[in-house]
>>> print(open('structure-v6.tsv').read())   # TSV, C-alpha atoms
chain	number	residue	atom	x	y	z
D	1241	MET	CA	-197.28	-139.08	-45.91
D	1242	MET	CA	-196.97	-142.18	-43.77
D	1243	LYS	CA	-196.55	-144.35	-46.88
D	1244	ARG	CA	-193.70	-142.27	-48.35
D	1245	LYS	CA	-191.37	-142.45	-45.33
D	1246	PRO	CA	-190.29	-146.08	-45.90
D	1247	LEU	CA	-189.51	-145.24	-49.51
D	1248	ARG	CA	-187.31	-142.31	-48.52
D	1249	TRP	CA	-185.54	-144.46	-45.98
D	1250	ASN	CA	-184.91	-147.18	-48.58
D	1251	GLU	CA	-183.60	-144.61	-51.06
D	1252	ALA	CA	-181.18	-143.25	-48.50
D	1253	ARG	CA	-179.99	-146.72	-47.62
D	1254	ASP	CA	-179.48	-147.62	-51.28
D	1255	GLY	CA	-177.56	-144.39	-51.86
D	1256	GLN	CA	-175.30	-145.18	-48.94
D	1257	HIS	CA	-174.65	-148.66	-50.30
D	1258	LEU	CA	-173.83	-147.17	-53.70
D	1259	ARG	CA	-171.35	-144.73	-52.18
D	1260	GLN	CA	-169.72	-147.58	-50.25
D	1261	LEU	CA	-169.43	-149.61	-53.43
D	1262	LEU	CA	-167.87	-146.68	-55.27
D	1263	VAL	CA	-165.35	-146.09	-52.47
D	1264	THR	CA	-164.52	-149.81	-52.37
D	1265	GLY	CA	-164.14	-149.90	-56.15
D	1266	LYS	CA	-161.79	-146.91	-56.12
D	1267	ALA	CA	-159.70	-148.49	-53.39
D	1268	PHE	CA	-159.56	-151.80	-55.28
D	1269	SER	CA	-158.60	-150.05	-58.52
D	1270	LEU	CA	-155.91	-148.06	-56.73
D	1271	LEU	CA	-154.49	-151.19	-55.10
D	1272	SER	CA	-154.55	-153.08	-58.42
D	1273	PHE	CA	-152.79	-150.25	-60.23
D	1274	SER	CA	-150.19	-149.95	-57.48
D	1275	SER	CA	-149.55	-153.70	-57.53
D	1276	MET	CA	-149.15	-153.62	-61.31
D	1277	LEU	CA	-146.64	-150.77	-61.06
D	1278	PHE	CA	-144.76	-152.62	-58.35
D	1279	PHE	CA	-144.36	-155.78	-60.40
D	1280	ILE	CA	-143.41	-153.80	-63.51
D	1281	MET	CA	-140.71	-151.96	-61.56
D	1282	LEU	CA	-139.55	-155.24	-60.04
D	1283	GLY	CA	-139.28	-156.82	-63.48
D	1284	LEU	CA	-137.38	-153.86	-64.91
D	1285	ALA	CA	-134.99	-153.90	-61.96
D	1286	GLY	CA	-134.37	-157.60	-62.52
D	1287	MET	CA	-133.67	-157.05	-66.21
D	1288	LEU	CA	-131.27	-154.21	-65.47
D	1289	HIS	CA	-129.48	-156.28	-62.84
D	1290	GLN	CA	-129.09	-159.21	-65.22
D	1291	GLN	CA	-127.79	-156.95	-67.98
D	1292	SER	CA	-125.28	-155.26	-65.69
D	1293	SER	CA	-124.05	-158.60	-64.34
D	1294	GLU	CA	-123.57	-160.06	-67.83
D	1295	SER	CA	-121.92	-157.04	-69.42
D	1296	PRO	CA	-118.39	-156.44	-68.12
D	1297	ILE	CA	-118.46	-152.97	-69.69
D	1298	HIS	CA	-120.67	-151.80	-66.81
D	1299	SER	CA	-118.89	-153.74	-64.08
D	1300	MET	CA	-115.61	-153.75	-62.24
D	1301	LYS	CA	-114.35	-156.30	-64.77
D	1302	GLY	CA	-114.79	-153.77	-67.54
D	1303	PHE	CA	-113.15	-151.16	-65.35
D	1304	ALA	CA	-110.23	-153.51	-64.69
D	1305	ALA	CA	-109.82	-154.09	-68.41
D	1306	ALA	CA	-109.72	-150.37	-69.15
D	1307	VAL	CA	-107.09	-149.19	-66.66
D	1308	PRO	CA	-103.41	-150.06	-66.09
D	1309	GLY	CA	-102.70	-153.23	-64.13
D	1310	GLY	CA	-100.12	-151.45	-61.99
D	1311	PHE	CA	-102.89	-149.25	-60.58
D	1312	PHE	CA	-104.47	-152.21	-58.80
D	1313	GLY	CA	-101.10	-153.30	-57.47
D	1314	ASP	CA	-100.67	-149.83	-55.95
D	1315	MET	CA	-104.13	-150.07	-54.35
D	1316	LEU	CA	-103.28	-153.40	-52.72
D	1317	GLU	CA	-99.96	-152.05	-51.43
D	1318	MET	CA	-101.82	-149.14	-49.81
D	1319	GLU	CA	-104.14	-151.52	-47.91
D	1320	MET	CA	-101.67	-154.34	-47.26
D	1321	PRO	CA	-98.17	-153.06	-46.46
D	1322	SER	CA	-96.72	-156.59	-46.66
D	1323	PHE	CA	-97.90	-156.97	-50.24
D	1324	GLN	CA	-95.32	-156.05	-52.86
D	1325	SER	CA	-96.64	-155.72	-56.40
D	1326	GLY	CA	-94.32	-156.92	-59.15
D	1327	MET	CA	-96.13	-154.83	-61.75
D	1328	GLN	CA	-94.86	-151.50	-62.94
D	1329	SER	CA	-96.67	-148.62	-61.25
D	1330	ASP	CA	-99.02	-146.81	-63.59
D	1331	SER	CA	-101.49	-144.00	-63.27
D	1332	PHE	CA	-104.69	-143.06	-65.04
D	1333	THR	CA	-104.46	-141.08	-68.23
D	1334	SER	CA	-107.10	-138.54	-69.20
D	1335	ARG	CA	-107.90	-140.69	-72.24
D	1336	GLU	CA	-108.58	-143.78	-70.11
D	1337	ILE	CA	-110.78	-141.85	-67.68
D	1338	SER	CA	-112.84	-140.13	-70.39
D	1339	SER	CA	-113.15	-143.35	-72.42
D	1340	PHE	CA	-114.34	-145.35	-69.40
D	1341	MET	CA	-116.87	-142.68	-68.39
D	1342	MET	CA	-118.24	-142.41	-71.93
D	1343	ARG	CA	-118.65	-146.18	-72.26
D	1344	THR	CA	-120.25	-146.46	-68.82
D	1345	LEU	CA	-122.81	-143.70	-69.43
D	1346	THR	CA	-123.62	-144.29	-73.10
D	1347	SER	CA	-122.23	-147.75	-74.05
D	1348	ILE	CA	-120.41	-145.96	-76.90
D	1349	ASN	CA	-116.68	-146.44	-77.35
D	1350	PRO	CA	-115.31	-142.97	-78.25
D	1351	SER	CA	-112.29	-144.59	-79.90
D	1352	THR	CA	-114.56	-146.30	-82.41
D	1353	PRO	CA	-116.60	-143.77	-84.42
D	1354	GLY	CA	-118.77	-146.58	-85.77
D	1355	GLY	CA	-120.30	-146.84	-82.32
D	1356	LEU	CA	-122.16	-143.59	-82.91
D	1357	LEU	CA	-123.79	-144.99	-86.04
D	1358	ALA	CA	-124.44	-148.34	-84.37
D	1359	ALA	CA	-126.71	-146.62	-81.87
D	1360	GLU	CA	-128.97	-145.46	-84.71
D	1361	LEU	CA	-128.66	-148.12	-87.44
D	1362	PRO	CA	-130.02	-151.62	-86.69
D	1363	GLY	CA	-127.52	-154.40	-87.28
D	1364	MET	CA	-124.47	-152.22	-86.71
D	1365	ALA	CA	-124.35	-152.61	-82.94
D	1366	SER	CA	-121.27	-154.46	-81.70
D	1367	ASP	CA	-121.50	-155.90	-78.21
D	1368	ALA	CA	-117.99	-157.37	-78.18
D	1369	PHE	CA	-115.78	-156.13	-75.38
D	1370	LEU	CA	-112.49	-156.71	-73.63
D	1371	ILE	CA	-113.10	-158.57	-70.37
D	1372	ARG	CA	-109.49	-158.76	-69.24
D	1373	LYS	CA	-106.45	-157.28	-70.94
D	1374	GLY	CA	-102.89	-158.45	-71.16
D	1375	ILE	CA	-99.71	-156.47	-70.64
D	1376	GLY	CA	-99.58	-153.74	-73.25
D	1377	THR	CA	-102.91	-154.72	-74.84
D	1378	ASP	CA	-104.66	-151.99	-76.80
D	1379	ALA	CA	-108.18	-152.14	-75.35
D	1380	ASN	CA	-109.61	-150.66	-78.55
D	1381	VAL	CA	-108.26	-153.38	-80.87
D	1382	GLY	CA	-110.12	-156.66	-80.72
D	1383	PRO	CA	-109.96	-159.81	-82.83
D	1384	LYS	CA	-111.01	-159.35	-86.45
D	1385	ASP	CA	-113.29	-161.81	-88.17
D	1386	HIS	CA	-112.75	-162.62	-91.82
D	1387	LEU	CA	-115.09	-164.34	-94.27
D	1388	PRO	CA	-113.26	-166.55	-96.76
D	1389	ILE	CA	-113.54	-165.89	-100.46
D	1390	GLU	CA	-115.97	-168.33	-102.07
D	1391	GLY	CA	-114.49	-170.92	-104.37
D	1392	PRO	CA	-111.13	-172.72	-104.39
D	1393	GLN	CA	-107.98	-170.64	-104.29
D	1394	GLU	CA	-104.68	-171.61	-105.84
D	1395	GLU	CA	-102.07	-172.14	-103.14
D	1396	LYS	CA	-98.41	-171.30	-103.57
D	1397	ASP	CA	-95.66	-171.72	-101.01
D	1398	ASN	CA	-93.38	-168.69	-101.22
D	1399	GLY	CA	-90.58	-170.45	-99.37
D	1400	GLN	CA	-90.58	-168.08	-96.39
D	1401	GLY	CA	-92.54	-170.19	-93.95
D	1402	THR	CA	-91.86	-173.43	-92.15
D	1403	GLU	CA	-92.66	-176.53	-94.14
D	1404	ALA	CA	-95.45	-178.80	-92.99
D	1405	PRO	CA	-94.21	-181.81	-91.03
D	1406	GLU	CA	-92.87	-184.64	-93.18
D	1407	GLY	CA	-95.55	-187.10	-94.13
D	1408	ASP	CA	-98.39	-184.64	-93.35
D	1409	THR	CA	-100.02	-184.05	-96.69
D	1410	GLY	CA	-103.12	-182.44	-95.28
D	1411	ALA	CA	-105.30	-184.93	-97.18
D	1412	VAL	CA	-108.46	-186.06	-95.48
D	1413	GLU	CA	-108.71	-189.84	-95.06
D	1414	GLN	CA	-112.28	-190.99	-94.67
D	1415	PRO	CA	-112.87	-193.59	-91.92
D	1416	GLY	CA	-113.42	-197.06	-93.32
D	1417	ALA	CA	-112.56	-195.97	-96.85
D	1418	ASP	CA	-109.60	-196.53	-99.11
D	1419	PRO	CA	-107.32	-193.43	-99.22
D	1420	ASP	CA	-107.39	-193.55	-103.00
D	1421	ASP	CA	-111.18	-193.56	-103.08
D	1422	SER	CA	-112.35	-190.21	-104.39
D	1423	GLY	CA	-115.89	-190.64	-103.09
D	1424	SER	CA	-117.32	-188.46	-100.32
D	1425	GLY	CA	-117.12	-189.62	-96.73
D	1426	GLY	CA	-117.62	-188.43	-93.19
D	1427	GLU	CA	-115.40	-186.53	-90.79
D	1428	GLN	CA	-111.82	-187.59	-90.13
D	1429	PRO	CA	-111.62	-189.05	-86.61
D	1430	ALA	CA	-109.62	-187.31	-83.91
D	1431	THR	CA	-106.08	-188.66	-83.62
D	1432	PRO	CA	-104.70	-189.50	-80.15
D	1433	ILE	CA	-101.09	-188.35	-79.78
D	1434	SER	CA	-98.75	-191.04	-78.46
D	1435	PRO	CA	-97.41	-189.96	-75.04
D	1436	PRO	CA	-93.71	-190.15	-74.22
D	1437	ALA	CA	-92.62	-192.49	-71.44
D	1438	GLU	CA	-92.02	-189.69	-68.95
D	1439	GLU	CA	-93.54	-188.91	-65.59
D	1440	PRO	CA	-95.86	-187.47	-64.47
D	1441	SER	CA	-98.32	-188.72	-67.03
D	1442	THR	CA	-102.01	-189.32	-67.41
D	1443	GLY	CA	-101.17	-192.56	-69.21
D	1444	ASP	CA	-103.79	-193.62	-71.70
D	1445	SER	CA	-106.27	-191.04	-70.38
D	1446	LYS	CA	-106.86	-188.13	-72.74
D	1447	ILE	CA	-107.49	-184.87	-70.89
D	1448	ALA	CA	-107.40	-182.22	-73.63
D	1449	PHE	CA	-109.31	-182.13	-76.90
D	1450	ILE	CA	-108.08	-179.76	-79.62
D	1451	TYR	CA	-110.03	-178.99	-82.78
D	1452	HIS	CA	-110.55	-176.29	-85.41
D	1453	SER	CA	-113.90	-174.89	-86.52
D	1454	HIS	CA	-112.11	-172.98	-89.30
D	1455	ASN	CA	-109.48	-175.55	-90.11
D	1456	ARG	CA	-108.10	-173.98	-93.31
D	1457	GLU	CA	-107.02	-170.67	-91.78
D	1458	SER	CA	-103.43	-169.97	-92.85
D	1459	TRP	CA	-100.97	-167.04	-93.01
D	1460	TYR	CA	-99.82	-164.75	-95.82
D	1461	PRO	CA	-96.10	-165.46	-95.22
D	1462	GLU	CA	-96.81	-169.20	-95.65
D	1463	VAL	CA	-99.13	-169.28	-98.68
D	1464	GLU	CA	-99.98	-166.95	-101.52
D	1465	ASN	CA	-103.69	-166.53	-102.15
D	1466	LYS	CA	-106.28	-163.86	-101.62
D	1467	ASP	CA	-107.71	-165.03	-98.32
D	1468	ALA	CA	-104.77	-166.87	-96.67
D	1469	ASN	CA	-106.53	-170.22	-96.55
D	1470	SER	CA	-104.86	-173.56	-97.25
D	1471	THR	CA	-105.80	-177.23	-97.33
D	1472	THR	CA	-102.33	-178.29	-96.15
D	1473	LYS	CA	-100.43	-175.54	-94.36
D	1474	ASN	CA	-102.99	-174.21	-91.93
D	1475	ILE	CA	-104.01	-173.77	-88.30
D	1476	THR	CA	-104.40	-177.53	-87.76
D	1477	LEU	CA	-100.59	-177.76	-87.65
D	1478	VAL	CA	-100.61	-175.43	-84.63
D	1479	GLY	CA	-103.26	-177.55	-82.92
D	1480	LYS	CA	-101.18	-180.67	-83.51
D	1481	ARG	CA	-98.13	-178.90	-82.06
D	1482	LEU	CA	-100.11	-178.00	-78.92
D	1483	ALA	CA	-101.27	-181.61	-78.52
D	1484	GLU	CA	-97.68	-182.84	-78.84
D	1485	LYS	CA	-96.48	-180.34	-76.25
D	1486	LEU	CA	-99.20	-181.39	-73.80
D	1487	GLU	CA	-98.21	-185.04	-74.24
D	1488	GLU	CA	-94.60	-184.06	-73.65
D	1489	GLU	CA	-95.75	-182.52	-70.36
D	1490	GLY	CA	-97.59	-185.74	-69.47
D	1491	VAL	CA	-101.11	-184.52	-70.23
D	1492	GLY	CA	-102.94	-186.80	-72.65
D	1493	ALA	CA	-104.36	-184.99	-75.69
D	1494	MET	CA	-106.52	-185.70	-78.72
D	1495	HIS	CA	-106.36	-183.60	-81.87
D	1496	SER	CA	-108.94	-183.35	-84.65
D	1497	ASP	CA	-107.76	-181.96	-87.99
D	1498	THR	CA	-111.04	-182.63	-89.80
D	1499	ASP	CA	-111.27	-180.72	-93.07
D	1500	TYR	CA	-114.92	-179.73	-92.94
D	1501	PRO	CA	-115.19	-178.34	-96.50
D	1502	THR	CA	-114.51	-181.83	-97.86
D	1503	ALA	CA	-115.94	-183.90	-94.99
D	1504	ILE	CA	-119.35	-182.20	-95.02
D	1505	LYS	CA	-121.60	-182.60	-98.05
D	1506	GLY	CA	-123.05	-179.20	-98.98
D	1507	TYR	CA	-120.58	-177.45	-96.67
D	1508	ARG	CA	-121.48	-173.87	-95.67
D	1509	TRP	CA	-118.89	-171.73	-93.92
D	1510	GLU	CA	-121.44	-169.95	-91.73
D	1511	LEU	CA	-122.37	-173.32	-90.18
D	1512	SER	CA	-118.80	-174.07	-89.11
D	1513	TYR	CA	-119.60	-174.19	-85.39
D	1514	LYS	CA	-122.51	-176.55	-86.02
D	1515	TYR	CA	-120.12	-178.98	-87.70
D	1516	SER	CA	-117.44	-178.66	-85.02
D	1517	LYS	CA	-120.04	-179.06	-82.27
D	1518	LYS	CA	-120.71	-182.55	-83.58
D	1519	THR	CA	-116.96	-183.22	-83.45
D	1520	VAL	CA	-116.82	-182.18	-79.78
D	1521	GLN	CA	-119.92	-184.22	-78.91
D	1522	GLU	CA	-118.41	-187.31	-80.51
D	1523	ALA	CA	-115.19	-186.75	-78.56
D	1524	LEU	CA	-117.15	-186.43	-75.31
D	1525	ALA	CA	-119.00	-189.65	-76.08
D	1526	SER	CA	-115.74	-191.48	-76.79
D	1527	SER	CA	-113.98	-190.58	-73.53
D	1528	ASP	CA	-115.04	-189.79	-69.97
D	1529	ASP	CA	-111.61	-188.35	-69.16
D	1530	LEU	CA	-111.73	-185.31	-71.45
D	1531	LYS	CA	-111.65	-182.12	-69.42
D	1532	PHE	CA	-110.12	-179.29	-71.49
D	1533	PHE	CA	-111.42	-178.22	-74.91
D	1534	PHE	CA	-109.65	-175.78	-77.25
D	1535	ASP	CA	-110.97	-174.50	-80.57
D	1536	ILE	CA	-107.90	-172.96	-82.21
D	1537	HIS	CA	-108.05	-170.23	-84.85
D	1538	ARG	CA	-105.81	-167.49	-86.18
D	1539	ASP	CA	-106.91	-163.86	-86.12
D	1540	SER	CA	-107.22	-161.61	-89.18
D	1541	GLN	CA	-105.58	-158.59	-87.54
D	1542	LYS	CA	-102.28	-157.21	-88.83
D	1543	ARG	CA	-98.91	-158.28	-87.47
D	1544	LYS	CA	-98.42	-155.20	-85.29
D	1545	TYR	CA	-101.46	-156.23	-83.23
D	1546	THR	CA	-100.69	-159.96	-83.00
D	1547	THR	CA	-96.93	-160.23	-82.36
D	1548	VAL	CA	-94.75	-159.75	-79.29
D	1549	ASP	CA	-90.98	-159.90	-78.79
D	1550	ILE	CA	-89.92	-161.78	-75.65
D	1551	ASN	CA	-86.18	-161.91	-74.94
D	1552	GLY	CA	-85.39	-161.29	-78.59
D	1553	VAL	CA	-87.75	-164.00	-79.87
D	1554	SER	CA	-91.01	-163.23	-81.69
D	1555	TYR	CA	-94.21	-164.97	-80.59
D	1556	ALA	CA	-97.70	-164.94	-82.06
D	1557	GLN	CA	-99.97	-163.44	-79.42
D	1558	VAL	CA	-103.08	-165.26	-78.22
D	1559	TYR	CA	-106.59	-163.91	-77.63
D	1560	PHE	CA	-109.08	-165.86	-75.49
D	1561	ILE	CA	-112.62	-165.62	-76.86
D	1562	ILE	CA	-115.64	-166.17	-74.60
D	1563	GLY	CA	-119.16	-166.49	-76.04
D	1564	HIS	CA	-121.83	-164.79	-73.95
D	1565	LYS	CA	-124.68	-166.67	-75.60
D	1566	ASN	CA	-123.60	-169.53	-73.36
D	1567	PRO	CA	-125.55	-168.98	-70.09
D	1568	ASN	CA	-122.61	-170.35	-68.07
D	1569	TRP	CA	-119.97	-168.22	-69.79
D	1570	LYS	CA	-118.48	-167.07	-66.49
D	1571	GLU	CA	-117.22	-170.60	-65.81
D	1572	ASN	CA	-115.44	-170.60	-69.17
D	1573	GLU	CA	-114.01	-167.18	-68.43
D	1574	GLU	CA	-112.58	-168.41	-65.12
D	1575	PHE	CA	-110.77	-171.17	-67.01
D	1576	ALA	CA	-109.45	-168.72	-69.60
D	1577	THR	CA	-108.34	-166.34	-66.85
D	1578	LYS	CA	-106.19	-169.04	-65.20
D	1579	ILE	CA	-104.32	-169.63	-68.46
D	1580	HIS	CA	-104.11	-165.90	-69.25
D	1581	GLU	CA	-102.63	-164.98	-65.87
D	1582	GLU	CA	-100.07	-167.78	-65.84
D	1583	LEU	CA	-99.03	-166.96	-69.41
D	1584	GLU	CA	-98.44	-163.34	-68.49
D	1585	LYS	CA	-96.20	-164.38	-65.59
D	1586	LYS	CA	-93.85	-166.50	-67.72
D	1587	TYR	CA	-94.31	-164.84	-71.12
D	1588	PRO	CA	-95.18	-161.18	-70.49
D	1589	GLY	CA	-97.19	-159.73	-73.36
D	1590	ILE	CA	-97.99	-163.00	-75.11
D	1591	SER	CA	-101.67	-162.76	-74.15
D	1592	ARG	CA	-103.83	-160.09	-75.75
D	1593	GLY	CA	-106.44	-160.73	-73.09
D	1594	ILE	CA	-109.94	-162.19	-72.86
D	1595	TRP	CA	-112.53	-160.96	-75.33
D	1596	GLY	CA	-116.28	-161.42	-74.85
D	1597	LYS	CA	-118.69	-161.71	-77.76
D	1598	THR	CA	-122.48	-161.65	-77.95
D	1599	ALA	CA	-124.77	-162.83	-80.74
D	1600	ALA	CA	-124.44	-159.37	-82.32
D	1601	THR	CA	-120.84	-160.15	-83.27
D	1602	GLY	CA	-120.84	-163.81	-84.22
D	1603	ASN	CA	-121.79	-167.27	-83.06
D	1604	ALA	CA	-121.37	-166.23	-79.40
D	1605	GLU	CA	-121.61	-169.80	-78.10
D	1606	TYR	CA	-118.60	-171.48	-79.72
D	1607	ASN	CA	-119.52	-174.92	-78.30
D	1608	GLN	CA	-118.50	-173.64	-74.86
D	1609	SER	CA	-121.77	-174.71	-73.24
D	1610	LEU	CA	-120.64	-178.33	-73.72
D	1611	ALA	CA	-117.90	-177.98	-71.08
D	1612	SER	CA	-117.00	-175.39	-68.45
D	1613	GLU	CA	-113.28	-175.62	-69.29
D	1614	SER	CA	-113.64	-174.83	-72.95
D	1615	VAL	CA	-112.27	-171.79	-74.75
D	1616	LEU	CA	-111.66	-170.48	-78.26
D	1617	LEU	CA	-108.06	-169.40	-78.89
D	1618	GLU	CA	-106.99	-166.91	-81.56
D	1619	ILE	CA	-103.27	-167.63	-81.98
D	1620	GLY	CA	-101.48	-164.97	-83.98
D	1621	GLY	CA	-102.81	-163.17	-87.02
D	1622	VAL	CA	-102.88	-163.44	-90.77
D	1623	GLU	CA	-99.39	-161.90	-91.06
D	1624	ASN	CA	-97.65	-164.13	-88.50
D	1625	THR	CA	-95.56	-167.16	-89.43
D	1626	LEU	CA	-96.10	-170.80	-88.61
D	1627	GLU	CA	-92.89	-170.82	-86.56
D	1628	GLU	CA	-94.12	-167.94	-84.37
D	1629	SER	CA	-97.40	-169.78	-83.86
D	1630	TYR	CA	-95.50	-172.95	-82.92
D	1631	ARG	CA	-93.64	-171.06	-80.19
D	1632	THR	CA	-96.92	-169.85	-78.74
D	1633	ALA	CA	-98.40	-173.36	-78.91
D	1634	ASP	CA	-95.41	-174.61	-76.89
D	1635	ALA	CA	-95.91	-171.87	-74.31
D	1636	LEU	CA	-99.62	-172.68	-74.06
D	1637	GLY	CA	-98.91	-176.39	-73.67
D	1638	GLU	CA	-96.46	-175.71	-70.86
D	1639	ILE	CA	-98.89	-173.47	-68.97
D	1640	ILE	CA	-101.98	-175.64	-69.50
D	1641	ALA	CA	-100.06	-178.68	-68.22
D	1642	GLU	CA	-98.94	-176.77	-65.12
D	1643	ILE	CA	-102.53	-175.74	-64.41
D	1644	TYR	CA	-103.71	-179.33	-64.79
D	1645	TRP	CA	-101.04	-180.84	-62.55
D	1646	GLU	CA	-101.53	-178.15	-59.90
D	1647	ALA	CA	-105.26	-178.89	-59.84
D	1648	GLU	CA	-104.51	-182.61	-59.54
D	1649	LYS	CA	-102.13	-181.92	-56.64
D	1650	VAL	CA	-104.75	-179.86	-54.79
D	1651	SER	CA	-107.40	-182.50	-55.44
D	1652	GLY	CA	-105.10	-185.20	-54.08
D	1653	GLU	CA	-104.37	-183.21	-50.92
D	1654	GLU	CA	-108.08	-182.63	-50.29
D	1655	GLN	CA	-108.75	-186.36	-50.52
>>> encode(input="structure-v6.tsv", output="C-alpha cells")
Amino acid sequence: MMKRKPLRWNEARDGQHLRQLLVTGKAFSLLSFSSMLFFIMLGLAGMLHQQSSESPIHSMKGFAAAVPGGFFGDMLEMEMPSFQSGMQSDSFTSREISSFMMRTLTSINPSTPGGLLAAELPGMASDAFLIRKGIGTDANVGPKDHLPIEGPQEEKDNGQGTEAPEGDTGAVEQPGADPDDSGSGGEQPATPISPPAEEPSTGDSKIAFIYHSHNRESWYPEVENKDANSTTKNITLVGKRLAEKLEEEGVGAMHSDTDYPTAIKGYRWELSYKYSKKTVQEALASSDDLKFFFDIHRDSQKRKYTTVDINGVSYAQVYFIIGHKNPNWKENEEFATKIHEELEKKYPGISRGIWGKTAATGNAEYNQSLASESVLLEIGGVENTLEESYRTADALGEIIAEIYWEAEKVSGEEQ
C-alpha cells in the first residue's frame, strides 16, 4: 500500500497537467480563431470602403449626378441667406428618387433593362456611370462606342459639310521620307501651331497637347460610307481647330494628326490607345512645358443626344470621359470638372457631363495616368456636322485658356 501512494499522486498530477494543457489549447484556439475573424472583417471593410470611394454611383457624386442642379442651389440658400443661386429651382421627381434608390441598393439601373441580365450573364456587366451631369443631360444616355467596319471604305463627300481646310489633304507624311515615297514609315510628328503676336502669350512654350486615338472618326453629313470614317475629313480637323483657338488665346499648343492605320505596321484597332500612348510619351519627352492633354473623339450617339441650340446657333455637345483603371483618376476628374463648370456658365447645355468608365466598358485608362490634367473628349456625335464641332472646339479653347491664365495669375500672386 505504501508503494502505490506515490503512483496515485503522480497520476493525479499528470491528469491536472493534461487538463491545464487542454484548457490552454482551447483558449489559444479561440484566440486564434477570433484574430482570424477580426482580420477577415477588417479586410472586407477595407475592400468595401475602397469600392464605395471609387464608385460614384454609391457616393454623393453619384447622387449629385442623378438629381436636378437647382436642388443643391436651394439647399445652399436655406443655409446661407446671402447666397443667391442662379440656377432654376427644381424638385425631385418620383422617377429620380426611385431610380437613385434602385441603383444604390442593387447597382441596377432600372432605365436600362440590360442591367438585369448583366447581373446574371458574365461579360454583360457595364460599370460606366455619369459622375457629373450638365444642364439638361439625360443621365441614362451615355457615350456610345462604335467598332469600325473592317477593310477600306469608299468615301464620298455629299456636299453638305464644311470642306477640309485648303492645302490639308489628310495624307500622312513620314518623317525623313520623301512625300512621294509609297513605302511604310513611322508616325507623323506632332505639329506646333504658330502663335499670333498677341498678349498674353506663353511664347514658344507649348502647354497643351492634342491628339486622336481614333483619328479617322468622321460624320455622316460629311462623308458617305457605312461607318462614318474618313482619311481626310475627320476628327483631326477639330483637334487642329482647338489648337488654333488656344494659340489665339495665347496658350501654346501642339497637335498630332497621326494616321495610325497607315503609320503602324500591322495596325489593330483594338490597340489604338497603345499606339496613342507612345505619341503622348514622345510629346512629354520633347517638352517640359506640356501641361494639358486632350484625346479628342466623336461619339456614335444620334444627333438628338449630341446637339444643343445656344442663342439660335447649334453646337456639338461634349462629353468628358474619365478612365477608372487609372489609380489617380480623381485628379483627372478635377481637371475635367473645372472645364465642365466653366463651359456650363458661358455655354449652358454644351456639356453632357463627365462619364466614368471601368475596364468592363473599354480601355478605362485612356493614357490619363501619364498626366493629372489629361482627359478624353467626345465632341459631338456621328450625325453632327464639322461646322458644329468647330464651334464647340472654339468654345473649349476659350474656356481652357481662361482656366490656364487664371491658374497662372493665382500662382504669380502666391509667389
>>> closest_residue(input="structure-v6.tsv", among="D:Thr1598, D:Asn1474, D:Ser1591, D:Ser1272", to="Asn1624 of chain D", atoms="only C-alpha atoms")
D:Asn1474
>>> atom_distance(input="structure-v6.tsv", atom1="atom CA of Ile1475 of chain D", atom2="atom CA of His1452 of chain D")
7.6 Å
>>> residues_around(input="structure-v6.tsv", residues="Asp1549 of chain D", least_positions_apart="3", cutoff="10 Å", atoms="all atoms listed in the file", output="list in words")
Gly1552, Val1553, Ser1554, Tyr1555, Ala1556, Gln1557, Tyr1587, Pro1588, Gly1589 and Ile1590 of chain D
>>> closest_residue(input="structure-v6.tsv", among="D:Asp1539, D:Glu1648, D:Glu1642, D:Glu1522", to="Ile1619 of chain D", atoms="only C-alpha atoms")
D:Asp1539
>>> residues_around(input="structure-v6.tsv", residues="Ala1599 of chain D", least_positions_apart="2", cutoff="9 Å", atoms="all atoms listed in the file", output="count of residues only")
10
>>> closest_residue(input="structure-v6.tsv", among="D:Phe1532, D:Trp1595, D:Tyr1630, D:Tyr1545", to="Ile1643 of chain D", atoms="only C-alpha atoms")
D:Phe1532
>>> closest_residue(input="structure-v6.tsv", among="D:Gly1596, D:Ile1640, D:Glu1582, D:Phe1575", to="Ser1612 of chain D", atoms="only C-alpha atoms")
D:Phe1575
>>> atom_distance(input="structure-v6.tsv", atom1="atom CA of Glu1623 of chain D", atom2="atom CA of His1454 of chain D")
17.0 Å
>>> closest_residue(input="structure-v6.tsv", among="D:Ala1468, D:Leu1524, D:Val1478, D:Leu1270", to="Ser1540 of chain D", atoms="all atoms listed in the file")
D:Ala1468
>>> closest_residue(input="structure-v6.tsv", among="D:Gln1541, D:Met1281, D:Glu1613, D:Leu1271", to="Glu1571 of chain D", atoms="all atoms listed in the file")
D:Glu1613
>>> atom_distance(input="structure-v6.tsv", atom1="atom CA of Gly1652 of chain D", atom2="atom CA of Ala1635 of chain D")
25.9 Å
>>> residues_around(input="structure-v6.tsv", residues="Arg1481 of chain D", least_positions_apart="6", cutoff="9 Å", atoms="all atoms listed in the file", output="count of residues only")
4
>>> axis_aligned_box(input="structure-v6.tsv", around="segment 1633-1641 of chain D", padding_each_side="3 Å", output="lines of an AutoDock Vina configuration file")
center_x = -98.7
center_y = -175.3
center_z = -73.6
size_x = 12.6
size_y = 12.8
size_z = 16.7
